[in-house]
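Shown next: entry28.json, containing JSON, C-alpha atoms.
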[["chain", "number", "residue", "atom", "x", "y", "z"],
["O", 8, "ASN", "CA", 9.52, 9.56, -35.55],
["O", 9, "TRP", "CA", 8.51, 9.78, -31.93],
["O", 10, "ASP", "CA", 5.05, 11.06, -32.95],
["O", 11, "ASN", "CA", 4.25, 7.43, -33.81],
["O", 12, "LEU", "CA", 3.41, 7.00, -30.12],
["O", 13, "GLY", "CA", 0.81, 9.71, -30.45],
["O", 14, "THR", "CA", -0.16, 10.24, -26.83],
["O", 15, "GLN", "CA", 2.92, 11.41, -24.99],
["O", 16, "VAL", "CA", 5.40, 14.22, -25.53],
["O", 17, "ALA", "CA", 8.93, 12.83, -25.41],
["O", 18, "ALA", "CA", 10.59, 13.83, -22.14],
["O", 19, "MET", "CA", 12.86, 12.15, -19.63],
["O", 20, "PHE", "CA", 11.10, 10.25, -16.87],
["O", 21, "GLY", "CA", 12.18, 10.45, -13.28],
["O", 22, "ALA", "CA", 12.29, 14.05, -12.08],
["O", 23, "ASN", "CA", 8.62, 14.01, -11.00],
["O", 24, "GLY", "CA", 8.73, 10.60, -9.38],
["O", 25, "GLU", "CA", 7.58, 8.55, -12.38],
["O", 26, "VAL", "CA", 10.32, 5.99, -11.69],
["O", 27, "THR", "CA", 11.65, 5.09, -8.24],
["O", 28, "THR", "CA", 14.37, 2.49, -7.73],
["O", 29, "ALA", "CA", 15.54, 0.91, -4.48],
["O", 30, "ILE", "CA", 18.25, -1.67, -3.81],
["O", 31, "THR", "CA", 16.70, -3.70, -1.02],
["O", 32, "ASP", "CA", 19.54, -6.21, -0.55],
["O", 33, "PRO", "CA", 23.31, -5.70, -0.71],
["O", 34, "GLN", "CA", 25.72, -6.98, -3.33],
["O", 35, "ASN", "CA", 26.54, -10.65, -3.45],
["O", 36, "ALA", "CA", 30.07, -11.99, -3.43],
["O", 37, "ASP", "CA", 29.40, -13.38, -6.92],
["O", 38, "GLY", "CA", 29.11, -9.86, -8.35],
["O", 39, "ASP", "CA", 25.41, -9.15, -8.61],
["O", 40, "ILE", "CA", 22.70, -7.33, -6.69],
["O", 41, "ASP", "CA", 20.35, -9.53, -4.66],
["O", 42, "THR", "CA", 17.16, -7.50, -5.07],
["O", 43, "VAL", "CA", 16.23, -4.30, -6.95],
["O", 44, "SER", "CA", 12.70, -2.92, -6.57],
["O", 45, "PHE", "CA", 11.05, -0.54, -9.05],
["O", 46, "THR", "CA", 8.01, 1.68, -8.50],
["O", 47, "PHE", "CA", 6.26, 3.18, -11.54],
["O", 48, "ASN", "CA", 3.56, 5.80, -10.98],
["O", 49, "ASP", "CA", 0.32, 6.09, -12.95],
["O", 50, "PHE", "CA", 1.69, 8.78, -15.28],
["O", 51, "PHE", "CA", 4.47, 6.41, -16.35],
["O", 52, "LEU", "CA", 2.17, 3.40, -16.76],
["O", 53, "TYR", "CA", -1.02, 4.90, -18.18],
["O", 54, "GLY", "CA", -0.10, 8.28, -19.63],
["O", 55, "ASN", "CA", -1.92, 11.57, -19.18],
["O", 56, "TYR", "CA", -5.28, 11.91, -20.90],
["O", 57, "ASP", "CA", -8.14, 14.42, -20.91],
["O", 58, "VAL", "CA", -10.48, 11.43, -21.11],
["O", 59, "ALA", "CA", -10.40, 8.04, -19.38],
["O", 60, "GLN", "CA", -6.89, 6.62, -19.29],
["O", 61, "PRO", "CA", -6.12, 3.07, -20.51],
["O", 62, "THR", "CA", -6.82, 0.23, -18.11],
["O", 63, "SER", "CA", -3.58, -1.58, -19.05],
["O", 64, "PRO", "CA", -0.05, -0.15, -18.91],
["O", 65, "ILE", "CA", 1.07, 1.58, -22.11],
["O", 66, "PRO", "CA", 4.72, 0.47, -21.87],
["O", 67, "THR", "CA", 5.03, -3.26, -22.43],
["O", 68, "GLU", "CA", 8.51, -3.73, -20.93],
["O", 69, "TYR", "CA", 11.58, -1.86, -19.72],
["O", 70, "GLN", "CA", 15.28, -2.32, -20.23],
["O", 71, "ILE", "CA", 17.94, -1.70, -17.61],
["O", 72, "TYR", "CA", 20.97, 0.41, -18.59],
["O", 73, "PHE", "CA", 24.32, 1.03, -16.91],
["O", 74, "TYR", "CA", 26.63, 4.05, -16.90],
["O", 75, "GLU", "CA", 30.17, 4.36, -15.55],
["O", 76, "THR", "CA", 31.45, 7.73, -14.36],
["O", 77, "ASN", "CA", 35.01, 8.85, -13.73],
["O", 78, "GLY", "CA", 35.43, 9.75, -10.07],
["O", 79, "ALA", "CA", 32.81, 10.65, -7.50],
["O", 80, "VAL", "CA", 30.36, 12.25, -9.94],
["O", 81, "ALA", "CA", 26.85, 11.48, -11.21],
["O", 82, "PRO", "CA", 25.86, 10.96, -14.87],
["O", 83, "ALA", "CA", 25.43, 14.16, -16.87],
["O", 84, "VAL", "CA", 23.88, 12.60, -20.00],
["O", 85, "PHE", "CA", 20.72, 10.48, -20.26],
["O", 86, "ASP", "CA", 20.34, 9.68, -23.96],
["O", 87, "ARG", "CA", 20.00, 5.92, -24.15],
["O", 88, "ALA", "CA", 22.80, 5.52, -26.71],
["O", 89, "SER", "CA", 25.34, 6.79, -24.15],
["O", 90, "TRP", "CA", 24.48, 4.03, -21.66],
["O", 91, "THR", "CA", 25.31, 0.30, -21.74],
["O", 92, "ALA", "CA", 22.31, -1.95, -22.32],
["O", 93, "GLY", "CA", 21.37, -4.57, -19.75],
["O", 94, "PRO", "CA", 18.51, -7.08, -19.37],
["O", 95, "THR", "CA", 14.89, -6.42, -20.37],
["O", 96, "TYR", "CA", 11.86, -7.23, -18.21],
["O", 97, "PRO", "CA", 8.06, -7.13, -18.61],
["O", 98, "ILE", "CA", 6.55, -3.90, -17.27],
["O", 99, "THR", "CA", 4.75, -5.97, -14.62],
["O", 100, "THR", "CA", 8.12, -7.00, -13.12],
["O", 101, "THR", "CA", 8.68, -4.64, -10.20],
["O", 102, "THR", "CA", 11.29, -6.75, -8.40],
["O", 103, "VAL", "CA", 14.47, -8.00, -10.10],
["O", 104, "TYR", "CA", 16.60, -10.63, -8.40],
["O", 105, "ASP", "CA", 20.31, -11.25, -8.97],
["O", 106, "LEU", "CA", 20.78, -8.32, -11.34],
["O", 107, "PRO", "CA", 24.04, -8.90, -13.27],
["O", 108, "TYR", "CA", 26.44, -6.02, -13.90],
["O", 109, "THR", "CA", 30.07, -5.43, -14.82],
["O", 110, "LYS", "CA", 32.05, -3.88, -11.99],
["O", 111, "PRO", "CA", 34.27, -0.94, -13.05],
["O", 112, "ALA", "CA", 37.88, -2.00, -13.47],
["O", 113, "ASP", "CA", 39.00, 1.34, -12.02],
["O", 114, "PRO", "CA", 38.10, 1.59, -8.30],
["O", 115, "THR", "CA", 37.85, 5.39, -8.61],
["O", 116, "HIS", "CA", 34.87, 5.03, -10.98],
["O", 117, "ARG", "CA", 31.18, 4.77, -10.10],
["O", 118, "LEU", "CA", 28.56, 2.54, -11.74],
["O", 119, "TYR", "CA", 24.95, 3.74, -12.09],
["O", 120, "MET", "CA", 21.74, 2.05, -13.22],
["O", 121, "SER", "CA", 18.61, 3.45, -14.89],
["O", 122, "ILE", "CA", 15.81, 2.21, -17.17],
["O", 123, "ALA", "CA", 14.18, 2.98, -20.52],
["O", 124, "PRO", "CA", 10.60, 1.80, -21.27],
["O", 125, "ASN", "CA", 9.40, 0.17, -24.49],
["O", 126, "TYR", "CA", 6.12, 1.26, -26.06],
["O", 127, "GLU", "CA", 4.84, -1.34, -28.54],
["O", 128, "GLU", "CA", 8.41, -2.30, -29.49],
["O", 129, "ILE", "CA", 9.50, 1.36, -29.74],
["O", 130, "GLN", "CA", 12.04, 2.14, -27.04],
["O", 131, "PHE", "CA", 12.10, 5.49, -25.26],
["O", 132, "PRO", "CA", 15.09, 7.60, -26.43],
["O", 133, "TRP", "CA", 16.30, 8.43, -22.90],
["O", 134, "VAL", "CA", 16.82, 6.59, -19.66],
["O", 135, "ALA", "CA", 15.11, 7.90, -16.53],
["O", 136, "ASN", "CA", 17.08, 10.85, -15.17],
["O", 137, "THR", "CA", 17.04, 9.55, -11.58],
["O", 138, "PRO", "CA", 19.83, 6.95, -11.80],
["O", 139, "THR", "CA", 20.62, 4.62, -8.92],
["O", 140, "LEU", "CA", 24.20, 4.23, -7.69],
["O", 141, "LEU", "CA", 25.25, 0.57, -7.78],
["O", 142, "ILE", "CA", 29.01, 0.79, -7.16],
["O", 143, "ALA", "CA", 30.54, 3.70, -5.26],
["O", 144, "SER", "CA", 33.90, 5.27, -6.08],
["O", 145, "SER", "CA", 36.89, 5.01, -3.78],
["O", 146, "LEU", "CA", 36.97, 8.81, -4.04],
["O", 147, "ASP", "CA", 33.57, 9.14, -2.37],
["O", 148, "PRO", "CA", 33.95, 10.88, 0.97],
["O", 149, "ALA", "CA", 33.30, 8.68, 3.97],
["O", 150, "GLY", "CA", 31.81, 9.72, 7.25],
["O", 151, "ALA", "CA", 28.57, 10.29, 9.09],
["O", 152, "PRO", "CA", 25.27, 10.88, 7.22],
["O", 153, "VAL", "CA", 24.60, 14.49, 6.23],
["O", 154, "ILE", "CA", 21.32, 14.59, 8.21],
["O", 155, "SER", "CA", 21.93, 13.40, 11.75],
["O", 156, "SER", "CA", 18.34, 13.65, 13.03],
["O", 157, "VAL", "CA", 14.83, 14.52, 11.84],
["O", 158, "SER", "CA", 11.45, 15.00, 13.53],
["O", 159, "ALA", "CA", 8.02, 16.25, 12.50],
["O", 160, "LYS", "CA", 4.79, 17.29, 14.19],
["O", 161, "SER", "CA", 1.41, 18.65, 13.21],
["O", 162, "SER", "CA", 0.73, 22.33, 13.91],
["O", 163, "GLY", "CA", -2.78, 23.34, 12.86],
["O", 164, "LEU", "CA", -3.02, 22.88, 9.10],
["O", 165, "ASN", "CA", 0.76, 22.77, 8.71],
["O", 166, "THR", "CA", 3.48, 20.25, 9.46],
["O", 167, "VAL", "CA", 6.63, 21.44, 11.21],
["O", 168, "VAL", "CA", 9.69, 19.47, 10.09],
["O", 169, "THR", "CA", 12.95, 19.85, 12.03],
["O", 170, "TRP", "CA", 16.31, 18.35, 11.15],
["O", 171, "ARG", "CA", 19.97, 18.74, 12.08],
["O", 172, "SER", "CA", 22.96, 18.45, 9.77],
["O", 173, "SER", "CA", 26.50, 17.20, 10.26],
["O", 174, "ASP", "CA", 29.03, 17.82, 7.44],
["O", 175, "GLU", "CA", 27.47, 20.10, 4.78],
["O", 176, "SER", "CA", 30.54, 20.43, 2.55],
["O", 177, "ARG", "CA", 28.80, 18.57, -0.31],
["O", 178, "VAL", "CA", 25.24, 19.89, 0.24],
["O", 179, "THR", "CA", 23.60, 22.29, -2.22],
["O", 180, "GLY", "CA", 20.16, 22.29, -0.60],
["O", 181, "TYR", "CA", 17.53, 20.39, 1.41],
["O", 182, "GLN", "CA", 14.05, 19.26, 0.35],
["O", 183, "VAL", "CA", 11.22, 17.81, 2.44],
["O", 184, "TYR", "CA", 9.37, 14.74, 1.04],
["O", 185, "TRP", "CA", 6.10, 13.16, 2.17],
["O", 186, "ALA", "CA", 4.18, 9.92, 1.54],
["O", 187, "LYS", "CA", 1.11, 8.12, 2.90],
["O", 188, "ASP", "CA", 3.40, 5.55, 4.53],
["O", 189, "ALA", "CA", 7.06, 4.54, 4.43],
["O", 190, "SER", "CA", 6.48, 1.97, 1.66],
["O", 191, "SER", "CA", 4.71, 4.43, -0.67],
["O", 192, "GLN", "CA", 6.21, 6.77, -3.23],
["O", 193, "PHE", "CA", 7.51, 10.01, -1.70],
["O", 194, "SER", "CA", 6.80, 13.42, -3.27],
["O", 195, "PRO", "CA", 8.68, 16.70, -2.70],
["O", 196, "VAL", "CA", 6.82, 19.47, -0.89],
["O", 197, "GLY", "CA", 7.74, 23.04, -0.04],
["O", 198, "SER", "CA", 10.79, 24.88, -1.34],
["O", 199, "VAL", "CA", 14.47, 23.96, -1.38],
["O", 200, "VAL", "CA", 16.28, 25.10, 1.79],
["O", 201, "SER", "CA", 19.83, 26.43, 1.41],
["O", 202, "PRO", "CA", 22.53, 25.04, 3.73],
["O", 203, "THR", "CA", 23.84, 27.40, 6.41],
["O", 204, "GLY", "CA", 26.86, 25.49, 7.71],
["O", 205, "ASN", "CA", 27.99, 22.31, 9.43],
["O", 206, "ASN", "CA", 26.03, 21.12, 12.48],
["O", 207, "SER", "CA", 23.08, 23.41, 11.77],
["O", 208, "SER", "CA", 19.43, 23.02, 12.81],
["O", 209, "TYR", "CA", 16.58, 23.67, 10.35],
["O", 210, "THR", "CA", 12.84, 24.07, 10.86],
["O", 211, "GLU", "CA", 10.30, 24.29, 8.04],
["O", 212, "SER", "CA", 6.52, 24.71, 8.38],
["O", 213, "ILE", "CA", 4.89, 23.13, 5.34],
["O", 214, "ARG", "CA", 1.31, 22.52, 4.19],
["O", 215, "ILE", "CA", 1.16, 18.86, 3.16],
["O", 216, "PRO", "CA", -1.79, 17.70, 0.99],
["O", 217, "ALA", "CA", -2.72, 14.67, 3.08],
["O", 218, "GLN", "CA", -5.78, 13.48, 4.98],
["O", 219, "GLY", "CA", -5.00, 11.29, 7.95],
["O", 220, "SER", "CA", -1.57, 10.14, 9.08],
["O", 221, "PHE", "CA", 1.50, 10.27, 6.82],
["O", 222, "VAL", "CA", 5.31, 10.20, 6.94],
["O", 223, "VAL", "CA", 8.02, 12.68, 5.96],
["O", 224, "LYS", "CA", 11.76, 12.60, 5.32],
["O", 225, "VAL", "CA", 14.37, 15.16, 4.30],
["O", 226, "GLY", "CA", 16.63, 14.84, 1.27],
["O", 227, "ALA", "CA", 20.07, 16.48, 1.11],
["O", 228, "ASN", "CA", 20.91, 17.43, -2.50],
["O", 229, "LEU", "CA", 24.64, 16.79, -3.06],
["O", 230, "VAL", "CA", 27.08, 18.41, -5.47],
["O", 231, "ASP", "CA", 27.35, 15.22, -7.58],
["O", 232, "GLY", "CA", 23.61, 15.27, -8.32],
["O", 233, "SER", "CA", 22.67, 12.51, -5.89],
["O", 234, "VAL", "CA", 20.31, 12.81, -2.91],
["O", 235, "GLU", "CA", 21.01, 11.51, 0.60],
["O", 236, "TYR", "CA", 17.82, 10.94, 2.62],
["O", 237, "SER", "CA", 17.16, 11.12, 6.34],
["O", 238, "SER", "CA", 15.25, 8.56, 8.32],
["O", 239, "VAL", "CA", 11.44, 8.67, 8.16],
["O", 240, "ALA", "CA", 9.29, 10.56, 10.71],
["O", 241, "SER", "CA", 5.58, 9.82, 11.25],
["O", 242, "VAL", "CA", 2.96, 12.57, 11.55],
["O", 243, "THR", "CA", -0.61, 12.46, 12.84],
["O", 244, "PRO", "CA", -2.46, 15.68, 11.87],
["O", 245, "SER", "CA", -4.18, 17.64, 14.61],
["O", 246, "VAL", "CA", -6.70, 19.10, 12.12],
["O", 247, "VAL", "CA", -8.38, 17.03, 9.43],
["O", 248, "ILE", "CA", -10.27, 18.85, 6.68],
["O", 249, "LYS", "CA", -12.92, 16.92, 4.79],
["O", 250, "ASP", "CA", -14.24, 17.93, 1.39],
["O", 251, "ARG", "CA", -17.77, 19.31, 1.63],
["O", 252, "THR", "CA", -20.14, 20.30, -1.14],
["O", 253, "ARG", "CA", -23.10, 22.65, -0.67],
["O", 254, "VAL", "CA", -25.92, 22.73, -3.20],
["O", 255, "VAL", "CA", -27.79, 26.07, -3.48],
["O", 256, "PRO", "CA", -31.15, 26.19, -5.30],
["O", 257, "ASN", "CA", -31.19, 28.21, -8.53]]

Let me see the file written as structure tokens.
Amino acid sequence: NWDNLGTQVAAMFGANGEVTTAITDPQNADGDIDTVSFTFNDFFLYGNYDVAQPTSPIPTEYQIYFYETNGAVAPAVFDRASWTAGPTYPITTTTVYDLPYTKPADPTHRLYMSIAPNYEEIQFPWVANTPTLLIASSLDPAGAPVISSVSAKSSGLNTVVTWRSSDESRVTGYQVYWAKDASSQFSPVGSVVSPTGNNSSYTESIRIPAQGSFVVKVGANLVDGSVEYSSVASVTPSVVIKDRTRVVPN
């Protein structure tokens, strides 16, 4: 009975940036990943309350899960029972070293990784629906990155983001992302831009909810469900709006 948790409606984590995973070192020859870094946002750690949120994380630990797909495709199911269980770590562990995994015997298969949190010894029924690709398939197309260049500049209250594509045969759309700095969690902004053809140029003027300098990047949504990101571009706003409050006598 998931209502035992009491404070959170059961839903998959990941789509809104609750869980971000990055492989910061390549695979070792001995068959493991040197370093995997996790970022959990406040919603994931402390829940969503109308009153003061807890001061300690609600999940006590998380377990890593693996999923093998046939060919160059992404996972289509995220119920925990469909994935293969891996090691468990305290929720305070945001960097995992020498992560062990079993390499697919078939070179045309992919191997993905995701996580499921534990809440007071009750494990979440789904893994996060933003899996990370650990082992690519031999069927994955090779070639240049989808986004060959990106730039951004401030224009009044908006930010103008410009990028150029190369091969768009696997692209379903583009999305701009922003963050306070390159090491922070990125959030999507604006609408999804439809591809127009190989070697195209795109320009989007977007209002970004930031005060001071920030960074942006562009994500190319691919047909297999994965996202390929551009490099990061820095922006210094030309107009800074500060919150002001005016008190009028009754």

Computed interatomic separation between CA of Ile98 (chain O) and CA of Thr137 (chain O) (Å) = 18.0 Å

Smallest atom-to-atom distance to Glu25 (chain O): which of O:Thr100, O:Gln192, O:Phe85, O:Ser145, using all atoms listed in the file?
->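 Closest to Glu25 (chain O), using all atoms listed in the file: O:Gln192.
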
Quick one: pull the distance between CA of Val234 (chain O) and CA of Ser161 (chain O), Å, one decimal.
->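 These two atoms are separated by 25.5 Å.
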
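Taking only C-alpha atoms into account, those protein, DNA and RNA residues with any atom at most 6 Å away from (28.6, 21.1, 8.1) amount to Ser173, Asp174, Glu175, Ser176, Gly204, Asn205 and Asn206 of chain O.
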
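Atom pair CA of Val225 (chain O) / CA of Ile154 (chain O) has a distance of 8.0 Å (rounded to one decimal).
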
Which residues, written as a VMD selection string, have at least one atom at most 12 Å from Ser89 (chain O), with only C-alpha atoms counted and residues fewer than 3 positions away on the same chain left out?
-> chain O and resid 72 to 76 82 to 86 92 121 132 to 134

Which residues are close to Ala159 (chain O), i.e. within 12 Å by all atoms listed in the file, leaving aside same-chain residues fewer than 4 positions away? Reply as a compact mmCIF listing (two decimals) with C-alpha atoms, in the frame of the given file.
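Final output, out-v6.txt:
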# COMPACT_ATOMS: atom_id res chain seq x y z
CA ASN O 165 0.76 22.77 8.71
CA THR O 166 3.48 20.25 9.46
CA VAL O 167 6.63 21.44 11.21
CA VAL O 168 9.69 19.47 10.09
CA THR O 169 12.95 19.85 12.03
CA TRP O 170 16.31 18.35 11.15
CA VAL O 183 11.22 17.81 2.44
CA TYR O 184 9.37 14.74 1.04
CA TRP O 185 6.10 13.16 2.17
CA TYR O 209 16.58 23.67 10.35
CA THR O 210 12.84 24.07 10.86
CA GLU O 211 10.30 24.29 8.04
CA SER O 212 6.52 24.71 8.38
CA ILE O 213 4.89 23.13 5.34
CA ILE O 215 1.16 18.86 3.16
CA SER O 220 -1.57 10.14 9.08
CA PHE O 221 1.50 10.27 6.82
CA VAL O 222 5.31 10.20 6.94
CA VAL O 223 8.02 12.68 5.96
CA LYS O 224 11.76 12.60 5.32
CA VAL O 225 14.37 15.16 4.30
CA SER O 238 15.25 8.56 8.32
CA VAL O 239 11.44 8.67 8.16
CA ALA O 240 9.29 10.56 10.71
CA SER O 241 5.58 9.82 11.25
CA VAL O 242 2.96 12.57 11.55
CA THR O 243 -0.61 12.46 12.84
CA PRO O 244 -2.46 15.68 11.87
